[in-house]
Amino acid sequence: MSLDVSPALLEQAERGEVDEAAFVDCVRTSLPYAWEMISSLVAQLKVDGGDFADNQTPPPDEQARGQLLRALASDAIRGALQRHFGVRLAFQNCHRVAVFPVDASVDQTLARFTSVRSQLLNQSPELRDC
């Protein structure tokens, strides 16, 4: 299971619309490694400025790797995180997460980061199992 959904949040979903803040909190508590990774990158981007901030350190274990995959492979989770933090997220391999400001001035940088070329250049034998 990707998320630890409380009975109250599940009941809310069964009734109709879900409060996005409650969903984001569910993501925060269910996927703490992914949350911390994205939070720290958002903070780094705010402090350092620039076009983006990214992580290039592999997760410490498979559980952490799984959290990143679940957070970024789910359109609902990824979208909620982007809205919550006010950034655009990009993902390469099993660990290279990047945050970009929601600003048209970095569109070309984001396009390069998410390009086929960049994906290929970001490969290494150490990452084949991720």
# chains A, B, ... in the order shown; residues from 1 in each chain; ligands from 1

$ select_by_dssp --residues "region 29-88 of chain A" --states "alpha helix (DSSP H)" --output "PyMOL selection string"
chain A and resi 29-30+32-48+62-73+75-85

$ residues_around --residues "Pro60 (chain A)" --least-positions-apart "4" --cutoff "10 Å" --atoms "only C-alpha atoms" --output "list in words"
Tyr33, Ala64 and Arg65 of chain A

$ write_last_selection --atoms "N, CA and C atoms" --output "PDB file, in the first residue's frame"
ATOM      1  N   TYR A  33      10.408   9.708   3.902  1.00  0.00           N
ATOM      2  CA  TYR A  33      11.675   9.916   3.185  1.00  0.00           C
ATOM      3  C   TYR A  33      11.441  10.801   1.961  1.00  0.00           C
ATOM      4  N   ALA A  64      13.138   3.469   1.255  1.00  0.00           N
ATOM      5  CA  ALA A  64      13.223   4.880   0.871  1.00  0.00           C
ATOM      6  C   ALA A  64      13.063   5.040  -0.638  1.00  0.00           C
ATOM      7  N   ARG A  65      13.699   4.159  -1.391  1.00  0.00           N
ATOM      8  CA  ARG A  65      13.575   4.193  -2.853  1.00  0.00           C
ATOM      9  C   ARG A  65      12.109   4.012  -3.265  1.00  0.00           C
TER      10      ARG A  65
END

$ residues_around --residues "Ser39 (chain A)" --least-positions-apart "5" --cutoff "9 Å" --atoms "only C-alpha atoms" --output "number ranges by chain"
A: 34, 44, 85

$ residues_around --residues "region 11-20 of chain A" --least-positions-apart "4" --cutoff "12 Å" --atoms "only C-alpha atoms" --output "PDB file with all heavy atoms, in the first residue's frame"
ATOM      1  N   VAL A   5      -3.737   5.488   5.029  1.00  0.00           N
ATOM      2  CA  VAL A   5      -4.918   6.353   4.996  1.00  0.00           C
ATOM      3  C   VAL A   5      -5.737   6.145   6.268  1.00  0.00           C
ATOM      4  O   VAL A   5      -6.125   5.022   6.588  1.00  0.00           O
ATOM      5  CB  VAL A   5      -5.779   6.055   3.750  1.00  0.00           C
ATOM      6  CG1 VAL A   5      -6.990   6.963   3.700  1.00  0.00           C
ATOM      7  CG2 VAL A   5      -4.939   6.196   2.487  1.00  0.00           C
ATOM      8  N   SER A   6      -5.996   7.231   6.970  1.00  0.00           N
ATOM      9  CA  SER A   6      -6.794   7.152   8.191  1.00  0.00           C
ATOM     10  C   SER A   6      -8.244   6.820   7.834  1.00  0.00           C
ATOM     11  O   SER A   6      -8.706   7.125   6.725  1.00  0.00           O
ATOM     12  CB  SER A   6      -6.755   8.477   8.942  1.00  0.00           C
ATOM     13  OG  SER A   6      -7.487   9.465   8.225  1.00  0.00           O
ATOM     14  N   PRO A   7      -8.975   6.214   8.761  1.00  0.00           N
ATOM     15  CA  PRO A   7     -10.394   5.941   8.498  1.00  0.00           C
ATOM     16  C   PRO A   7     -11.172   7.218   8.177  1.00  0.00           C
ATOM     17  O   PRO A   7     -12.049   7.213   7.323  1.00  0.00           O
ATOM     18  CB  PRO A   7     -10.878   5.303   9.803  1.00  0.00           C
ATOM     19  CG  PRO A   7      -9.656   4.682  10.398  1.00  0.00           C
ATOM     20  CD  PRO A   7      -8.528   5.615  10.027  1.00  0.00           C
ATOM     21  N   VAL A  24      -2.358  15.842   1.597  1.00  0.00           N
ATOM     22  CA  VAL A  24      -0.930  16.171   1.669  1.00  0.00           C
ATOM     23  C   VAL A  24      -0.355  15.709   3.001  1.00  0.00           C
ATOM     24  O   VAL A  24       0.753  15.163   3.063  1.00  0.00           O
ATOM     25  CB  VAL A  24      -0.702  17.684   1.428  1.00  0.00           C
ATOM     26  CG1 VAL A  24       0.711  18.101   1.805  1.00  0.00           C
ATOM     27  CG2 VAL A  24      -0.989  18.036  -0.025  1.00  0.00           C
ATOM     28  N   ASP A  25      -1.108  15.887   4.086  1.00  0.00           N
ATOM     29  CA  ASP A  25      -0.643  15.417   5.384  1.00  0.00           C
ATOM     30  C   ASP A  25      -0.526  13.898   5.409  1.00  0.00           C
ATOM     31  O   ASP A  25       0.409  13.356   6.001  1.00  0.00           O
ATOM     32  CB  ASP A  25      -1.579  15.898   6.493  1.00  0.00           C
ATOM     33  CG  ASP A  25      -0.982  15.660   7.860  1.00  0.00           C
ATOM     34  OD1 ASP A  25       0.160  16.106   8.108  1.00  0.00           O
ATOM     35  OD2 ASP A  25      -1.643  14.991   8.684  1.00  0.00           O
ATOM     36  N   CYS A  26      -1.437  13.209   4.745  1.00  0.00           N
ATOM     37  CA  CYS A  26      -1.368  11.753   4.628  1.00  0.00           C
ATOM     38  C   CYS A  26      -0.095  11.350   3.879  1.00  0.00           C
ATOM     39  O   CYS A  26       0.604  10.411   4.280  1.00  0.00           O
ATOM     40  CB  CYS A  26      -2.617  11.231   3.917  1.00  0.00           C
ATOM     41  SG  CYS A  26      -2.627   9.456   3.646  1.00  0.00           S
ATOM     42  N   VAL A  27       0.238  12.054   2.825  1.00  0.00           N
ATOM     43  CA  VAL A  27       1.467  11.790   2.074  1.00  0.00           C
ATOM     44  C   VAL A  27       2.681  12.037   2.964  1.00  0.00           C
ATOM     45  O   VAL A  27       3.609  11.230   3.020  1.00  0.00           O
ATOM     46  CB  VAL A  27       1.539  12.653   0.793  1.00  0.00           C
ATOM     47  CG1 VAL A  27       2.902  12.542   0.131  1.00  0.00           C
ATOM     48  CG2 VAL A  27       0.427  12.266  -0.171  1.00  0.00           C
ATOM     49  N   ALA A  76      -1.676  11.890  -8.694  1.00  0.00           N
ATOM     50  CA  ALA A  76      -2.371  12.582  -7.606  1.00  0.00           C
ATOM     51  C   ALA A  76      -1.389  13.065  -6.544  1.00  0.00           C
ATOM     52  O   ALA A  76      -1.457  14.217  -6.096  1.00  0.00           O
ATOM     53  CB  ALA A  76      -3.423  11.672  -6.985  1.00  0.00           C
ATOM     54  N   ILE A  77      -0.468  12.191  -6.140  1.00  0.00           N
ATOM     55  CA  ILE A  77       0.502  12.571  -5.109  1.00  0.00           C
ATOM     56  C   ILE A  77       1.438  13.643  -5.643  1.00  0.00           C
ATOM     57  O   ILE A  77       1.657  14.679  -5.004  1.00  0.00           O
ATOM     58  CB  ILE A  77       1.292  11.344  -4.601  1.00  0.00           C
ATOM     59  CG1 ILE A  77       0.349  10.371  -3.887  1.00  0.00           C
ATOM     60  CG2 ILE A  77       2.428  11.776  -3.687  1.00  0.00           C
ATOM     61  CD1 ILE A  77       0.988   9.039  -3.513  1.00  0.00           C
ATOM     62  N   GLY A  79       1.050  15.751  -8.094  1.00  0.00           N
ATOM     63  CA  GLY A  79       0.332  17.012  -8.293  1.00  0.00           C
ATOM     64  C   GLY A  79       0.065  17.734  -6.985  1.00  0.00           C
ATOM     65  O   GLY A  79       0.235  18.956  -6.891  1.00  0.00           O
ATOM     66  N   ALA A  80      -0.341  16.991  -5.960  1.00  0.00           N
ATOM     67  CA  ALA A  80      -0.606  17.601  -4.655  1.00  0.00           C
ATOM     68  C   ALA A  80       0.681  18.178  -4.062  1.00  0.00           C
ATOM     69  O   ALA A  80       0.670  19.274  -3.481  1.00  0.00           O
ATOM     70  CB  ALA A  80      -1.222  16.571  -3.712  1.00  0.00           C
ATOM     71  N   LEU A  81       1.784  17.457  -4.204  1.00  0.00           N
ATOM     72  CA  LEU A  81       3.061  17.963  -3.699  1.00  0.00           C
ATOM     73  C   LEU A  81       3.487  19.219  -4.447  1.00  0.00           C
ATOM     74  O   LEU A  81       3.969  20.182  -3.849  1.00  0.00           O
ATOM     75  CB  LEU A  81       4.143  16.883  -3.808  1.00  0.00           C
ATOM     76  CG  LEU A  81       3.988  15.695  -2.865  1.00  0.00           C
ATOM     77  CD1 LEU A  81       5.004  14.612  -3.203  1.00  0.00           C
ATOM     78  CD2 LEU A  81       4.103  16.120  -1.411  1.00  0.00           C
ATOM     79  N   GLN A  82       3.313  19.227  -5.755  1.00  0.00           N
ATOM     80  CA  GLN A  82       3.677  20.406  -6.539  1.00  0.00           C
ATOM     81  C   GLN A  82       2.849  21.617  -6.111  1.00  0.00           C
ATOM     82  O   GLN A  82       3.385  22.719  -5.936  1.00  0.00           O
ATOM     83  CB  GLN A  82       3.503  20.138  -8.043  1.00  0.00           C
ATOM     84  CG  GLN A  82       4.525  19.166  -8.578  1.00  0.00           C
ATOM     85  CD  GLN A  82       4.371  18.876 -10.050  1.00  0.00           C
ATOM     86  OE1 GLN A  82       5.357  18.903 -10.766  1.00  0.00           O
ATOM     87  NE2 GLN A  82       3.173  18.581 -10.515  1.00  0.00           N
ATOM     88  N   ARG A  83       1.551  21.415  -5.908  1.00  0.00           N
ATOM     89  CA  ARG A  83       0.703  22.532  -5.482  1.00  0.00           C
ATOM     90  C   ARG A  83       1.063  22.971  -4.062  1.00  0.00           C
ATOM     91  O   ARG A  83       1.116  24.172  -3.769  1.00  0.00           O
ATOM     92  CB  ARG A  83      -0.773  22.142  -5.588  1.00  0.00           C
ATOM     93  CG  ARG A  83      -1.250  22.034  -7.029  1.00  0.00           C
ATOM     94  CD  ARG A  83      -2.743  21.790  -7.129  1.00  0.00           C
ATOM     95  NE  ARG A  83      -3.148  20.496  -6.585  1.00  0.00           N
ATOM     96  CZ  ARG A  83      -3.067  19.325  -7.231  1.00  0.00           C
ATOM     97  NH1 ARG A  83      -2.569  19.284  -8.456  1.00  0.00           N
ATOM     98  NH2 ARG A  83      -3.490  18.203  -6.666  1.00  0.00           N
ATOM     99  N   HIS A  84       1.302  22.026  -3.178  1.00  0.00           N
ATOM    100  CA  HIS A  84       1.617  22.352  -1.788  1.00  0.00           C
ATOM    101  C   HIS A  84       2.903  23.172  -1.688  1.00  0.00           C
ATOM    102  O   HIS A  84       2.955  24.163  -0.963  1.00  0.00           O
ATOM    103  CB  HIS A  84       1.755  21.061  -0.960  1.00  0.00           C
ATOM    104  CG  HIS A  84       2.206  21.301   0.433  1.00  0.00           C
ATOM    105  ND1 HIS A  84       1.358  21.770   1.413  1.00  0.00           N
ATOM    106  CD2 HIS A  84       3.432  21.175   1.011  1.00  0.00           C
ATOM    107  CE1 HIS A  84       2.038  21.904   2.539  1.00  0.00           C
ATOM    108  NE2 HIS A  84       3.295  21.544   2.327  1.00  0.00           N
TER     109      HIS A  84
END

$ residues_around --residues "region 103-114 of chain A" --least-positions-apart "3" --cutoff "9 Å" --atoms "only C-alpha atoms" --output "VMD selection string"
chain A and resid 51 to 52 87 to 88 90 to 92 98 100 117 to 119

$ residues_around --residues "Val97 (chain A)" --least-positions-apart "4" --cutoff "9 Å" --atoms "only C-alpha atoms" --output "MDAnalysis selection string"
chainID A and resid 37:38 41 53:56 68 72 89:93

$ atom_distance --atom1 "CA of Pro101 (chain A)" --atom2 "CA of Ala22 (chain A)"
23.7 Å

$ select_by_dssp --residues "chain A" --states "strand (DSSP E)" --output "PDB file with C-alpha atoms, in the first residue's frame"
ATOM      1  CA  ALA A  53      17.701  22.064  -6.944  1.00  0.00           C
ATOM      2  CA  ASP A  54      18.240  18.334  -7.240  1.00  0.00           C
ATOM      3  CA  VAL A  87       7.155  23.952  -7.498  1.00  0.00           C
ATOM      4  CA  ARG A  88       7.392  21.619 -10.455  1.00  0.00           C
ATOM      5  CA  LEU A  89       8.908  18.197  -9.786  1.00  0.00           C
ATOM      6  CA  ALA A  90      11.072  16.219 -12.161  1.00  0.00           C
ATOM      7  CA  PHE A  91      12.430  12.705 -11.690  1.00  0.00           C
ATOM      8  CA  GLN A  92      15.215  10.639 -13.228  1.00  0.00           C
ATOM      9  CA  ARG A  96      17.362  12.009  -8.878  1.00  0.00           C
ATOM     10  CA  VAL A  97      14.530  14.275  -7.848  1.00  0.00           C
ATOM     11  CA  ALA A  98      14.591  17.926  -8.867  1.00  0.00           C
ATOM     12  CA  VAL A  99      12.427  20.886  -7.953  1.00  0.00           C
ATOM     13  CA  PHE A 100      11.919  23.756 -10.358  1.00  0.00           C
ATOM     14  CA  PRO A 101      10.163  27.037  -9.664  1.00  0.00           C
TER      15      PRO A 101
END

$ closest_residue --among "A:Val47, A:Leu3, A:Leu9, A:Val42" --to "Ser74 (chain A)" --atoms "only C-alpha atoms"
A:Leu3
